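Shown below: my_file_37.csv, with CSV, C-alpha atoms.
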chain,number,residue,atom,x,y,z
A,26,MET,CA,-129.9,42.9,100.6
A,27,ILE,CA,-132.3,40.2,101.8
A,28,PHE,CA,-129.3,38.4,103.4
A,29,ALA,CA,-128.3,41.5,105.2
A,30,TYR,CA,-131.7,42.3,106.7
A,31,ARG,CA,-132.3,38.6,107.6
A,32,HIS,CA,-129.0,38.3,109.4
A,33,ALA,CA,-129.4,41.7,111.1
A,34,PHE,CA,-132.7,40.6,112.7
A,35,ALA,CA,-131.5,37.0,113.3
A,36,GLN,CA,-128.6,38.2,115.3
A,37,LEU,CA,-131.0,39.4,118.0
A,38,ARG,CA,-130.2,36.0,119.6
A,39,ASP,CA,-126.7,37.3,120.4
A,40,PRO,CA,-126.8,38.8,124.0
A,41,ARG,CA,-124.1,41.4,123.0
A,42,TYR,CA,-126.1,42.5,120.0
A,43,ARG,CA,-129.4,42.5,122.0
A,44,ARG,CA,-127.8,44.7,124.7
A,45,LEU,CA,-126.8,47.2,122.0
A,46,LEU,CA,-130.4,47.1,120.7
A,47,TRP,CA,-131.8,48.2,124.1
A,48,ILE,CA,-129.1,50.8,124.5
A,49,GLY,CA,-129.8,52.0,120.9
A,50,MET,CA,-133.5,52.2,121.4
A,51,ALA,CA,-133.2,54.2,124.6
A,52,LEU,CA,-130.7,56.5,122.9
A,53,SER,CA,-133.0,56.9,119.9
A,54,LEU,CA,-136.0,57.7,122.1
A,55,ALA,CA,-133.9,60.3,124.0
A,56,LEU,CA,-132.7,61.9,120.8
A,57,LEU,CA,-136.2,61.9,119.4
A,58,VAL,CA,-137.6,63.7,122.4
A,59,GLY,CA,-134.8,66.2,122.2
A,60,LEU,CA,-135.5,66.9,118.5
A,61,ALA,CA,-139.2,67.2,119.2
A,62,ALA,CA,-138.5,69.8,121.9
A,63,ILE,CA,-136.4,71.8,119.4
A,64,ALA,CA,-139.2,71.5,116.8
A,65,PHE,CA,-141.8,72.9,119.3
A,66,LEU,CA,-139.4,75.7,120.2
A,67,ILE,CA,-138.9,76.6,116.5
A,68,ILE,CA,-142.7,76.6,116.0
A,69,GLN,CA,-143.2,79.0,119.0
A,70,ILE,CA,-140.5,81.3,117.7
A,71,LEU,CA,-142.1,81.4,114.3
A,72,VAL,CA,-145.6,81.6,115.7
A,73,PRO,CA,-145.3,83.7,118.9
A,74,GLY,CA,-148.1,83.7,121.5
A,75,ALA,CA,-150.5,80.9,122.1
A,76,LEU,CA,-150.1,77.8,120.0
A,77,PHE,CA,-153.1,75.9,118.7
A,78,LEU,CA,-152.5,72.1,118.4
A,79,PRO,CA,-155.2,69.8,117.0
A,80,VAL,CA,-156.8,67.7,119.7
A,81,VAL,CA,-154.9,69.5,122.4
A,82,GLY,CA,-156.3,73.0,121.7
A,83,ARG,CA,-154.6,76.3,122.7
A,84,VAL,CA,-151.3,76.0,124.5
A,85,GLN,CA,-149.8,79.2,126.0
A,86,ASP,CA,-146.1,78.2,126.2
A,87,VAL,CA,-143.8,75.8,124.6
A,88,SER,CA,-143.1,73.8,127.8
A,89,ALA,CA,-146.9,73.0,128.2
A,90,GLY,CA,-147.1,72.3,124.5
A,91,PHE,CA,-144.2,70.0,124.6
A,92,SER,CA,-145.4,68.1,127.7
A,93,VAL,CA,-148.8,67.5,126.1
A,94,GLY,CA,-147.6,67.3,122.5
A,95,THR,CA,-145.0,64.7,123.3
A,96,MET,CA,-147.6,62.2,124.3
A,97,LEU,CA,-149.9,62.9,121.3
A,98,TYR,CA,-147.5,64.0,118.5
A,99,LEU,CA,-144.2,62.1,119.2
A,100,PRO,CA,-145.2,59.1,117.1
A,101,TRP,CA,-146.2,61.3,114.2
A,102,LEU,CA,-143.1,63.5,114.5
A,103,SER,CA,-141.0,60.3,114.6
A,104,VAL,CA,-142.0,59.7,111.0
A,105,PHE,CA,-139.8,62.7,110.0
A,106,LEU,CA,-137.4,63.1,112.9
A,107,MET,CA,-136.1,59.5,113.2
A,108,VAL,CA,-134.0,59.9,110.1
A,109,PRO,CA,-131.8,62.6,111.7
A,110,VAL,CA,-131.8,60.5,114.9
A,111,ALA,CA,-130.4,57.6,112.9
A,112,SER,CA,-127.7,59.9,111.5
A,113,ILE,CA,-126.6,60.9,115.0
A,114,PHE,CA,-126.6,57.2,116.0
A,115,THR,CA,-123.9,56.4,113.4
A,116,GLY,CA,-121.4,58.7,115.2
A,117,LEU,CA,-122.1,57.1,118.6
A,118,TYR,CA,-122.7,53.4,118.2
A,119,LEU,CA,-122.0,52.3,114.6
A,120,ASP,CA,-118.6,50.9,115.5
A,121,ASP,CA,-120.0,48.8,118.4
A,122,VAL,CA,-122.7,47.4,116.2
A,123,ALA,CA,-120.3,46.6,113.3
A,124,ASP,CA,-117.9,45.0,115.8
A,125,ALA,CA,-120.7,42.7,117.0
A,126,VAL,CA,-121.7,41.8,113.5
A,127,GLU,CA,-118.1,41.1,112.4
A,128,ALA,CA,-117.4,39.0,115.5
A,129,GLU,CA,-120.4,36.8,114.7
A,130,HIS,CA,-120.2,36.6,110.9
A,131,TYR,CA,-116.8,37.8,109.6
A,132,ARG,CA,-114.0,36.4,111.8
A,133,GLY,CA,-110.4,36.4,110.8
A,134,GLN,CA,-110.5,39.7,108.8
A,135,GLU,CA,-108.0,42.4,108.7
A,136,PRO,CA,-108.0,44.7,111.8
A,137,ARG,CA,-110.1,47.7,111.4
A,138,ASN,CA,-109.0,51.4,111.6
A,139,ARG,CA,-109.6,53.3,114.8
A,140,ILE,CA,-111.4,56.4,113.5
A,141,PRO,CA,-110.9,59.3,116.0
A,142,TRP,CA,-114.1,60.1,117.9
A,143,ARG,CA,-114.0,63.8,116.8
A,144,GLU,CA,-113.7,62.7,113.1
A,145,ALA,CA,-116.7,60.3,113.4
A,146,ALA,CA,-118.7,63.0,115.2
A,147,ARG,CA,-117.9,65.6,112.6
A,148,ASP,CA,-118.9,63.3,109.7
A,149,SER,CA,-122.1,62.3,111.5
A,150,LEU,CA,-123.0,66.0,112.2
A,151,SER,CA,-122.4,66.9,108.6
A,152,TYR,CA,-124.9,64.3,107.4
A,153,PHE,CA,-127.2,65.3,110.3
A,154,GLY,CA,-127.5,68.9,109.0
A,155,ILE,CA,-128.4,67.7,105.5
A,156,LEU,CA,-131.0,65.2,106.8
A,157,VAL,CA,-132.6,67.8,109.1
A,158,ALA,CA,-133.0,70.2,106.2
A,159,VAL,CA,-134.4,67.5,103.9
A,160,ASN,CA,-136.9,66.2,106.4
A,161,LEU,CA,-138.1,69.6,107.5
A,162,LEU,CA,-138.8,70.3,103.8
A,163,GLY,CA,-140.4,66.8,103.6
A,164,MET,CA,-142.8,67.7,106.4
A,165,ALA,CA,-143.9,70.8,104.5
A,166,VAL,CA,-144.3,68.8,101.2
A,167,PHE,CA,-146.2,66.1,103.0
A,168,ALA,CA,-148.6,68.6,104.4
A,169,ILE,CA,-149.5,70.0,101.0
A,170,SER,CA,-149.2,66.9,98.8
A,171,SER,CA,-152.0,64.7,100.2
A,172,GLY,CA,-149.3,62.3,101.4
A,173,TRP,CA,-147.6,61.3,98.1
A,174,GLY,CA,-144.6,63.4,99.1
A,175,ILE,CA,-143.6,60.7,101.5
A,176,ALA,CA,-142.4,58.6,98.6
A,177,ILE,CA,-140.0,61.3,97.5
A,178,LEU,CA,-138.8,61.7,101.0
A,179,TRP,CA,-138.1,58.0,101.3
A,180,ALA,CA,-136.1,58.1,98.1
A,181,LEU,CA,-134.0,61.0,99.2
A,182,ASN,CA,-133.5,59.6,102.7
A,183,GLY,CA,-132.7,56.2,101.3
A,184,PHE,CA,-129.8,57.7,99.3
A,185,LEU,CA,-128.5,59.9,102.1
A,186,LEU,CA,-128.7,57.1,104.7
A,187,SER,CA,-127.1,54.5,102.5
A,188,ARG,CA,-124.2,57.0,101.7
A,189,GLU,CA,-123.7,57.8,105.4
A,190,TYR,CA,-123.9,54.2,106.8
A,191,PHE,CA,-121.9,52.5,104.0
A,192,THR,CA,-119.2,55.2,103.9
A,193,MET,CA,-118.7,55.2,107.7
A,194,ILE,CA,-118.5,51.3,107.6
A,195,ALA,CA,-116.1,51.5,104.7
A,196,ARG,CA,-113.9,54.0,106.6
A,197,ARG,CA,-113.2,51.3,109.1
A,198,ARG,CA,-110.8,49.7,106.6
A,199,ASN,CA,-110.2,52.4,104.0
A,200,ASP,CA,-109.3,56.0,103.8
A,201,ALA,CA,-112.0,58.6,103.2
A,202,ALA,CA,-111.5,59.0,99.5
A,203,THR,CA,-111.6,55.2,98.9
A,204,ALA,CA,-114.7,54.9,101.0
A,205,ALA,CA,-116.5,57.6,99.0
A,206,SER,CA,-115.3,55.9,95.7
A,207,LEU,CA,-116.7,52.5,96.9
A,208,PHE,CA,-120.1,54.0,97.6
A,209,GLN,CA,-120.2,55.6,94.1
A,210,ARG,CA,-119.3,52.3,92.5
A,211,ASP,CA,-121.8,50.3,94.6
A,212,PHE,CA,-124.6,52.8,94.7
A,213,TYR,CA,-127.1,50.7,92.8
A,214,TRP,CA,-126.6,47.8,95.3
A,215,LEU,CA,-126.9,50.2,98.3
A,216,TRP,CA,-129.8,52.5,97.6
A,217,LEU,CA,-132.5,49.8,98.0
A,218,PRO,CA,-131.3,48.8,101.5
A,219,GLY,CA,-131.2,52.5,102.3
A,220,LEU,CA,-134.7,52.9,101.0
A,221,LEU,CA,-135.9,50.1,103.2
A,222,LEU,CA,-134.1,51.7,106.2
A,223,ALA,CA,-135.8,55.0,105.4
A,224,ILE,CA,-139.2,53.3,105.3
A,225,GLY,CA,-138.6,51.5,108.5
A,226,LEU,CA,-137.6,54.7,110.2
A,227,SER,CA,-141.0,56.2,109.3
A,228,ILE,CA,-142.9,53.4,111.2
A,229,PRO,CA,-143.5,54.4,114.8
A,230,ILE,CA,-142.1,52.1,117.5
A,231,LEU,CA,-140.2,50.0,114.9
A,232,ASN,CA,-138.2,53.0,114.0
A,233,LEU,CA,-136.6,53.1,117.5
A,234,ALA,CA,-134.7,49.9,116.5
A,235,MET,CA,-133.9,50.8,112.9
A,236,PRO,CA,-130.7,52.8,113.5
A,237,LEU,CA,-129.1,49.7,115.0
A,238,VAL,CA,-130.5,47.4,112.3
A,239,GLY,CA,-129.3,49.8,109.6
A,240,ALA,CA,-125.7,49.7,111.0
A,241,ALA,CA,-125.8,45.9,111.0
A,242,VAL,CA,-127.3,45.8,107.5
A,243,PHE,CA,-124.6,48.0,106.0
A,244,THR,CA,-121.9,46.1,107.7
A,245,HIS,CA,-123.2,43.0,105.9
A,246,MET,CA,-123.5,44.9,102.7
A,247,TYR,CA,-119.9,46.1,102.9
A,248,HIS,CA,-118.5,42.6,103.5
A,249,ARG,CA,-120.8,41.0,100.8
A,250,LEU,CA,-119.6,43.5,98.2
A,251,HIS,CA,-116.0,43.4,99.3
A,252,PRO,CA,-115.2,39.9,100.5
A,253,ALA,CA,-111.6,40.1,99.5
A,254,GLN,CA,-110.8,41.8,102.8
A,255,VAL,CA,-112.2,38.9,104.8
A,256,SER,CA,-110.2,35.7,105.3
A,257,ASP,CA,-112.9,33.6,107.0
A,258,ALA,CA,-116.5,34.8,106.4
A,259,GLY,CA,-119.1,33.3,108.7

Kindly transcribe the structure held in the file into structure tokens.
Amino acid sequence: MIFAYRHAFAQLRDPRYRRLLWIGMALSLALLVGLAAIAFLIIQILVPGALFLPVVGRVQDVSAGFSVGTMLYLPWLSVFLMVPVASIFTGLYLDDVADAVEAEHYRGQEPRNRIPWREAARDSLSYFGILVAVNLLGMAVFAISSGWGIAILWALNGFLLSREYFTMIARRRNDAATAASLFQRDFYWLWLPGLLLAIGLSIPILNLAMPLVGAAVFTHMYHRLHPAQVSDAG
């Protein structure tokens, strides 16, 4: 795990990887803003009329609340919303990140499968729905638990993220059933990297880079746990 994180950050020297980082951060921010807008809309539906926001005060409509709330609340909302953002990221950029990692560290391996875009998007959306539900519940638990509920949320997100990232990496060279079986077999090695990813995703600013870092980390984890499919590891 230490190897995976160390190499994921060290590869920032690679211009191709660094380009993906900037693209990934911009995408993460855009997705975060979109999810925040949806969150404000849901709040207004559930609480019709004027909305009272701490510091901001009374806000008459969701557009005003979002414009002001984004500035003040987006870092706080990112603690909970960046995990679903990371889930969407896997369906869009995971292959590009994994290709960059493998080109640098795992040359000479077997060609990877080309997973159809629709299949990758479907898998990503299925995880996204679960993570949204878990993190909305986590926001409520956090609000009434004096903060200790965040540890439970990290543990759950660590499991869900490790399953999604590792399984989608494994699908590049295995069928779906084999990928799921590999995750079950390697769960004890994968949950801790997933936990660290979940914690990183709850730290404002840093969390914008963590979806890309997570994709790189689990690419390393896959190849470290299954080196037989690599003929010349870097």

Practice item. Tell me, in Å to one decimal, how far atom CA of A:Val58 is from atom CA of A:Leu117. Key: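 A separation of 17.3 Å between them.
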
Practice item. Kindly give the distance, in Å, that separates atom CA of A:Phe243 and atom CA of A:Ser187, rounded to a single decimal. Key: 7.8 Å

Point to revise | Point-to-point distance in Å for atom CA of A:Leu237 and atom CA of A:Trp47 | key: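 Taking atom CA of A:Trp47 and atom CA of A:Leu237, their separation equals 9.6 Å.
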
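Nearest to A:Gly116 of all the residues A:His32, A:Arg132, A:Arg143, A:Arg249 is A:Arg143, counting only C-alpha atoms.
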
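The list of residues with at least one atom within 7 Å of stretch 218-224 of chain A, based on only C-alpha atoms and without residues fewer than 3 positions apart in the same chain, reads Met26, Trp179, Ala180, Asn182, Gly183, Phe184, Leu186, Ser187, Leu215, Ser227, Ile228, Met235 and Gly239 of chain A.
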
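Of the listed residues A:Ile27, A:Ala125, A:Leu119, A:Ile194, the one whose atoms come nearest to A:Tyr247 is A:Ile194, with distances taken using only C-alpha atoms.
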
Check your understanding: Could you pull the residues within 12 Å of stretch 126-128 of chain A, counting all atoms listed in the file, minus those fewer than 3 positions along the same chain, as number ranges by chain?
Key -> A: 29, 32-39, 41-43, 45, 119-123, 131-137, 194, 197, 237-249, 255-259

Revision key, fill the gap. Using only C-alpha atoms, the best pick from A:Ala158, A:Leu233, A:Val110, A:Leu46 as closest to A:Gly59 would be A:Val110

Exercise for review: Name the closest residue to A:Glu189 among the candidates A:Pro229, A:Gly163, A:Gly174, A:Pro236; distances are taken between atoms, counting all atoms listed in the file.
Suggested key: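 Under the stated criterion, the closest residue is A:Pro236.
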
Check your understanding: At most 10 Å from (-116.6, 54.7, 103.9), file frame, all atoms listed in the file: which residues, as a PyMOL selection string?
Key -> chain A and resi 188-208+247

Preceding selection exported with C-alpha atoms as an mmCIF file, keeping the file's coordinate frame:
data_model
loop_
_atom_site.group_PDB
_atom_site.id
_atom_site.type_symbol
_atom_site.label_atom_id
_atom_site.label_comp_id
_atom_site.auth_asym_id
_atom_site.auth_seq_id
_atom_site.Cartn_x
_atom_site.Cartn_y
_atom_site.Cartn_z
ATOM 1 C CA ARG A 188 -124.200 57.000 101.700
ATOM 2 C CA GLU A 189 -123.700 57.800 105.400
ATOM 3 C CA TYR A 190 -123.900 54.200 106.800
ATOM 4 C CA PHE A 191 -121.900 52.500 104.000
ATOM 5 C CA THR A 192 -119.200 55.200 103.900
ATOM 6 C CA MET A 193 -118.700 55.200 107.700
ATOM 7 C CA ILE A 194 -118.500 51.300 107.600
ATOM 8 C CA ALA A 195 -116.100 51.500 104.700
ATOM 9 C CA ARG A 196 -113.900 54.000 106.600
ATOM 10 C CA ARG A 197 -113.200 51.300 109.100
ATOM 11 C CA ARG A 198 -110.800 49.700 106.600
ATOM 12 C CA ASN A 199 -110.200 52.400 104.000
ATOM 13 C CA ASP A 200 -109.300 56.000 103.800
ATOM 14 C CA ALA A 201 -112.000 58.600 103.200
ATOM 15 C CA ALA A 202 -111.500 59.000 99.500
ATOM 16 C CA THR A 203 -111.600 55.200 98.900
ATOM 17 C CA ALA A 204 -114.700 54.900 101.000
ATOM 18 C CA ALA A 205 -116.500 57.600 99.000
ATOM 19 C CA SER A 206 -115.300 55.900 95.700
ATOM 20 C CA LEU A 207 -116.700 52.500 96.900
ATOM 21 C CA PHE A 208 -120.100 54.000 97.600
ATOM 22 C CA TYR A 247 -119.900 46.100 102.900
#
